[in-house]
Every structure is written in structure tokens, then in C-alpha cells.
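K.L.:
Following this line is query-v4.cif, made up of mmCIF, C-alpha atoms:
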```
data_entry
loop_
_atom_site.label_atom_id
_atom_site.label_comp_id
_atom_site.auth_asym_id
_atom_site.auth_seq_id
_atom_site.Cartn_x
_atom_site.Cartn_y
_atom_site.Cartn_z
CA MET A 1 0.00 0.00 0.00
CA LYS A 2 1.14 3.46 -0.81
CA SER A 3 0.85 6.15 1.83
CA ARG A 4 -0.41 9.56 0.75
CA HIS A 5 1.51 12.59 1.87
CA THR A 6 -0.62 15.49 3.00
CA GLY A 7 0.40 19.12 3.15
CA PHE A 8 1.68 21.82 0.82
CA THR A 9 4.44 21.52 -1.65
CA LEU A 10 7.04 24.25 -1.77
CA ILE A 11 5.68 25.51 -5.10
CA GLU A 12 2.13 25.79 -3.72
CA LEU A 13 3.41 27.70 -0.70
CA VAL A 14 5.43 30.16 -2.82
CA ILE A 15 2.46 30.81 -5.14
CA THR A 16 0.14 31.39 -2.18
CA ILE A 17 2.55 33.83 -0.53
CA ALA A 18 3.06 35.69 -3.83
CA LEU A 19 -0.71 36.06 -4.33
CA LEU A 20 -1.10 37.24 -0.74
CA GLY A 21 1.67 39.80 -1.29
CA ILE A 22 -0.02 41.15 -4.43
CA LEU A 23 -3.35 41.40 -2.64
CA LEU A 24 -1.80 43.28 0.31
CA ALA A 25 0.08 45.65 -2.01
CA TRP A 26 -3.25 46.56 -3.59
CA ALA A 27 -5.28 46.71 -0.34
CA ILE A 28 -3.05 48.76 1.99
CA PRO A 29 -3.26 52.07 0.06
CA ASN A 30 -7.04 51.66 -0.22
CA VAL A 31 -7.33 51.09 3.54
CA ARG A 32 -5.31 54.26 4.22
CA THR A 33 -7.59 56.26 1.92
CA PHE A 34 -10.65 54.77 3.62
CA ILE A 35 -9.31 55.75 7.07
CA LYS A 36 -8.53 59.32 5.95
CA ASN A 37 -12.00 59.72 4.43
CA ALA A 38 -13.61 58.31 7.57
CA ARG A 39 -11.71 60.78 9.78
CA ILE A 40 -12.94 63.73 7.71
CA SER A 41 -16.54 62.46 7.74
CA SER A 42 -16.55 61.70 11.46
CA SER A 43 -15.06 65.11 12.32
CA ALA A 44 -17.72 66.84 10.21
CA SER A 45 -20.49 64.78 11.82
CA GLU A 46 -19.17 65.45 15.32
CA LEU A 47 -19.01 69.20 14.70
CA MET A 48 -22.46 69.25 13.10
CA GLY A 49 -23.87 67.35 16.10
CA ASP A 50 -22.44 69.85 18.56
CA ILE A 51 -23.77 72.75 16.47
CA GLY A 52 -27.18 71.12 16.85
CA VAL A 53 -26.64 70.84 20.61
CA ALA A 54 -25.79 74.56 20.82
CA ARG A 55 -28.97 75.40 18.92
CA GLN A 56 -31.08 73.19 21.21
CA GLU A 57 -29.49 74.68 24.33
CA ALA A 58 -30.36 78.19 23.12
CA GLN A 59 -33.98 77.12 22.69
CA ARG A 60 -34.10 75.23 25.98
CA ARG A 61 -32.41 77.89 28.13
CA GLY A 62 -33.94 80.92 26.40
CA VAL A 63 -30.56 82.69 26.07
CA VAL A 64 -27.98 83.25 23.34
CA VAL A 65 -25.65 80.23 23.11
CA GLN A 66 -22.35 80.17 21.23
CA ILE A 67 -20.25 77.37 19.84
CA CYS A 68 -16.70 78.51 19.20
CA ALA A 69 -13.23 77.20 18.43
CA SER A 70 -11.24 76.82 21.65
CA ALA A 71 -7.98 75.11 22.48
CA ASP A 72 -8.17 75.62 26.26
CA GLY A 73 -11.81 74.73 26.96
CA THR A 74 -12.69 78.02 28.63
CA ASN A 75 -12.16 80.81 26.09
CA CYS A 76 -13.05 81.20 22.44
CA ALA A 77 -10.11 81.37 20.04
CA GLY A 78 -9.42 84.83 18.69
CA GLY A 79 -8.86 85.93 15.13
CA ALA A 80 -10.93 85.91 11.99
CA SER A 81 -10.42 82.20 11.31
CA SER A 82 -9.70 79.32 13.68
CA ASP A 83 -8.83 75.63 13.50
CA TRP A 84 -11.91 74.01 15.02
CA LEU A 85 -10.09 70.68 15.41
CA ASN A 86 -7.98 72.09 18.25
CA GLY A 87 -11.26 71.80 20.17
CA TRP A 88 -14.47 73.76 20.65
CA ILE A 89 -16.80 74.82 23.43
CA ILE A 90 -20.51 75.46 23.72
CA LYS A 91 -21.24 78.31 26.14
CA THR A 92 -23.85 80.87 27.05
CA ALA A 93 -22.98 84.20 25.43
CA THR A 94 -23.95 86.48 28.31
CA LEU A 95 -22.79 84.46 31.33
CA GLY A 96 -19.90 82.68 29.64
CA GLN A 97 -20.93 79.40 31.28
CA VAL A 98 -19.34 76.45 29.42
CA ILE A 99 -21.97 73.84 28.62
CA ARG A 100 -19.77 71.37 26.72
CA TYR A 101 -16.10 71.10 25.75
CA ASN A 102 -14.92 68.92 22.87
CA LYS A 103 -11.15 68.65 23.25
CA GLU A 104 -9.08 68.00 20.13
CA PRO A 105 -11.46 65.66 18.30
CA GLN A 106 -8.64 64.44 16.04
CA GLY A 107 -6.09 63.80 18.78
CA PRO A 108 -3.30 65.99 20.13
CA ILE A 109 -2.05 68.86 17.99
CA SER A 110 1.41 67.26 17.98
CA GLY A 111 -0.10 64.30 16.10
CA ARG A 112 -1.34 66.68 13.40
CA ALA A 113 1.95 68.37 12.54
CA THR A 114 2.17 70.03 9.15
CA GLY A 115 3.32 67.72 6.39
CA THR A 116 2.18 64.47 7.98
CA SER A 117 -0.67 62.26 6.86
CA ASN A 118 -2.43 62.90 10.18
CA GLN A 119 -3.03 66.57 9.45
CA LEU A 120 -6.68 67.50 9.46
CA THR A 121 -7.86 71.08 9.72
CA ALA A 122 -11.27 72.67 10.09
CA ASN A 123 -11.00 76.34 9.29
CA GLY A 124 -13.84 78.80 9.53
CA PRO A 125 -15.22 81.72 11.52
CA PRO A 126 -14.25 81.52 15.19
CA ASN A 127 -17.81 81.30 16.57
CA ILE A 128 -21.46 80.68 15.83
CA ALA A 129 -24.26 82.01 18.05
CA PHE A 130 -27.91 80.98 18.32
CA ILE A 131 -30.80 82.99 19.75
CA PRO A 132 -33.64 81.40 21.78
CA SER A 133 -35.75 80.87 18.63
CA GLY A 134 -33.03 78.55 17.25
CA SER A 135 -31.96 80.92 14.48
CA MET A 136 -28.43 82.23 14.12
CA SER A 137 -27.74 85.52 15.85
CA THR A 138 -26.99 88.40 13.51
CA THR A 139 -25.42 90.50 16.27
CA VAL A 140 -23.38 87.98 18.30
CA GLY A 141 -20.92 85.67 16.58
CA SER A 142 -20.14 85.42 12.89
CA PRO A 143 -22.82 86.63 10.45
CA PRO A 144 -24.85 83.89 8.75
CA PRO A 145 -24.47 81.77 6.75
CA VAL A 146 -21.34 80.18 8.25
CA THR A 147 -19.11 77.58 6.59
CA ILE A 148 -16.39 75.53 8.28
CA ASN A 149 -14.16 73.58 5.87
CA ILE A 150 -12.70 70.25 7.05
CA ARG A 151 -9.84 68.78 5.01
CA ASP A 152 -6.51 66.98 5.06
CA GLU A 153 -3.33 67.24 3.00
CA ARG A 154 -5.04 65.82 -0.11
CA ALA A 155 -7.07 69.02 -0.48
CA THR A 156 -4.27 70.70 -2.42
CA ALA A 157 -4.78 68.37 -5.36
CA GLY A 158 -7.14 69.69 -8.03
CA GLY A 159 -10.54 68.04 -8.17
CA ASP A 160 -10.18 66.44 -4.74
CA THR A 161 -13.63 65.62 -3.31
CA THR A 162 -12.61 64.50 0.17
CA GLN A 163 -13.30 67.86 1.83
CA ARG A 164 -16.43 68.54 3.85
CA ASP A 165 -18.10 71.88 4.52
CA VAL A 166 -20.24 72.19 7.63
CA THR A 167 -22.60 75.05 6.87
CA VAL A 168 -25.16 76.73 9.11
CA THR A 169 -27.94 78.76 7.53
CA LEU A 170 -29.65 81.85 8.96
CA VAL A 171 -32.46 79.70 10.38
CA GLY A 172 -29.83 77.67 12.25
CA ARG A 173 -29.96 74.47 10.21
CA PRO A 174 -26.54 72.76 9.99
CA GLN A 175 -25.65 70.50 7.07
CA ILE A 176 -22.60 68.73 5.66
CA LEU A 177 -21.64 69.20 2.02
CA LYS A 178 -19.01 67.27 0.05
CA VAL A 179 -16.85 69.85 -1.76
CA SER A 180 -13.87 69.88 -4.09
CA GLY A 181 -11.04 72.24 -4.79
CA PRO A 182 -7.94 73.51 -3.04
#
```
For this file, write the structure as C-alpha cells.
P.N.:
Amino acid sequence: MKSRHTGFTLIELVITIALLGILLAWAIPNVRTFIKNARISSSASELMGDIGVARQEAQRRGVVVQICASADGTNCAGGASSDWLNGWIIKTATLGQVIRYNKEPQGPISGRATGTSNQLTANGPPNIAFIPSGSMSTTVGSPPPVTINIRDERATAGGDTTQRDVTVTLVGRPQILKVSGP
């Protein structure tokens, strides 16, 4: 009787490893792109959600409520334009009471150094204010409509559609738009 040998031959093993290598070489760049796109989308969704919270708090409390870029969690960032991904706060405009603080939604600033693949910025007006009716304030905060652009290093390429704009209309309705361009 002949005994049958079970297992892989060396040729079968080499072919399998080669096919696995080709598959991984194709898949890894696609996974990186997927992760970058997911980070932009999740940051836009998180910001839009907190804009909605600020609007609801203005209606619930009956006072003007602001959401503004803030790196320290107590004060709004100054200047005409701010990086919202350093963090933001929701606070009452008159009392300055902080309702919520979202600290660095994309990780520490050091992890987002210029020139790395981790860089994600959200630039726009430094604050948005809502009045008790839920509409945007025309006297406190940035004038409506407001747009905050969220992007990564791929945004410099022409025709790139990975950017997201979080816009807030005069009536206070936030929405996310997929945009292209530098």
C-alpha cells in the first residue's frame, strides 16, 4: 500500500505567498484612503452634532448660546479664522458658562503636525451664536451663513472631493456638504 503525503508543496506555498503579497500591495493604500475619508466624515459629523446641541441649548435655556473654536476649553479662540479641530466649546454668550467642551477631536495637535498624513484642519469663523428661537444671531458671533471647511493634506490636489463643509444657515440648520477644490 502506498501512503499519501498530505500538506503543501514548496511551489504551492510560494504561489500562495506571492498572491497574498499582491493582494496586500493593492489593499493597503485603499485602507489608508478609507481611514482618511472616515476621519474627515466623522469630524464633520461630530461638529455638526455639537452645532445642533448649541442650537437646542439656546432654545431650551432661552438665552444666546455660542459654539466657538477653543484650544483651552474656557475661552473662544481669537482671530478671523480658527482651526476648530484644536477643540471647541458650547457656552452661554452672556454668562460665559461652558456647557460642553470637545477637546481636540482628532487627537493631540502634535499628532497633526504640518506635512504628515495625520493633518486634518477645520478652518472657519471663530464662533457661531444661536438665539432662543433657534436661528443664528446676527449681532453675536459670525454673520450667517457660516461655513467651516474640514480637510486633510489631499485638499491641495485639483478636483479632490474628500473635503467637507459644515454650513449653518440663517435659520440655524446645519448641514454637511461634500466639496472639491484647493
K.L.:
Please indicate the distance in Å from CA of Gln56 (chain A) to CA of Asn37 (chain A), rounded to one decimal place.
P.N.:
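Taking CA of Gln56 (chain A) and CA of Asn37 (chain A), their separation equals 28.8 Å.
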K.L.:
Evaluate the PyMOL selection byres ((chain A and resi 63) around 10) on the structure here and hand back the selected residues as number ranges by chain.
P.N.:
A: 57-62, 64-66, 92-95, 130-133
K.L.:
Restricting it to C-alpha atoms, dump the selection as a CSV table (one decimal), keeping the file's coordinate frame.
P.N.:
```csv
chain,number,residue,atom,x,y,z
A,57,GLU,CA,-29.5,74.7,24.3
A,58,ALA,CA,-30.4,78.2,23.1
A,59,GLN,CA,-34.0,77.1,22.7
A,60,ARG,CA,-34.1,75.2,26.0
A,61,ARG,CA,-32.4,77.9,28.1
A,62,GLY,CA,-33.9,80.9,26.4
A,64,VAL,CA,-28.0,83.2,23.3
A,65,VAL,CA,-25.6,80.2,23.1
A,66,GLN,CA,-22.4,80.2,21.2
A,92,THR,CA,-23.8,80.9,27.0
A,93,ALA,CA,-23.0,84.2,25.4
A,94,THR,CA,-24.0,86.5,28.3
A,95,LEU,CA,-22.8,84.5,31.3
A,130,PHE,CA,-27.9,81.0,18.3
A,131,ILE,CA,-30.8,83.0,19.8
A,132,PRO,CA,-33.6,81.4,21.8
A,133,SER,CA,-35.8,80.9,18.6
```
K.L.:
With only C-alpha atoms as the atoms that count, which of A:Ser135, A:Gln175, A:Asn149, A:Ser70 lies nearest to Asn123 (chain A)?
P.N.:
A:Asn149
K.L.:
When you look at Gly124 (chain A) with a cut-off of 10 Å (counting only C-alpha atoms), what residues show up, excluding the ones that are within fewer than 6 positions of it in the same chain? I need them as a list in words.
P.N.:
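Counting only the stated atoms, we get Ala69, Ala80, Ser81, Ser82, Asp83, Trp84, Ser142, Val146, Thr147, Ile148, Asn149, Ile150, Asp165, Val166 and Thr167 of chain A.
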K.L.:
Report as a PyMOL selection string the residues that result from applying the PyMOL selection byres ((chain A and resi 41) around 9) to the structure here.
P.N.:
chain A and resi 36-40+42-46+150+162-164+176
K.L.:
Rank A:Arg154, A:Ala25, A:Leu47, A:Gly52 by their smallest atom-to-atom distance to Ser180 (chain A), using only C-alpha atoms, and report the top residue only.
P.N.:
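Answer, going by the shortest atom-to-atom distance: A:Arg154.
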K.L.:
To one decimal place, how far is CA of Arg173 (chain A) from CA of Glu153 (chain A) in Å?
P.N.:
28.5 Å
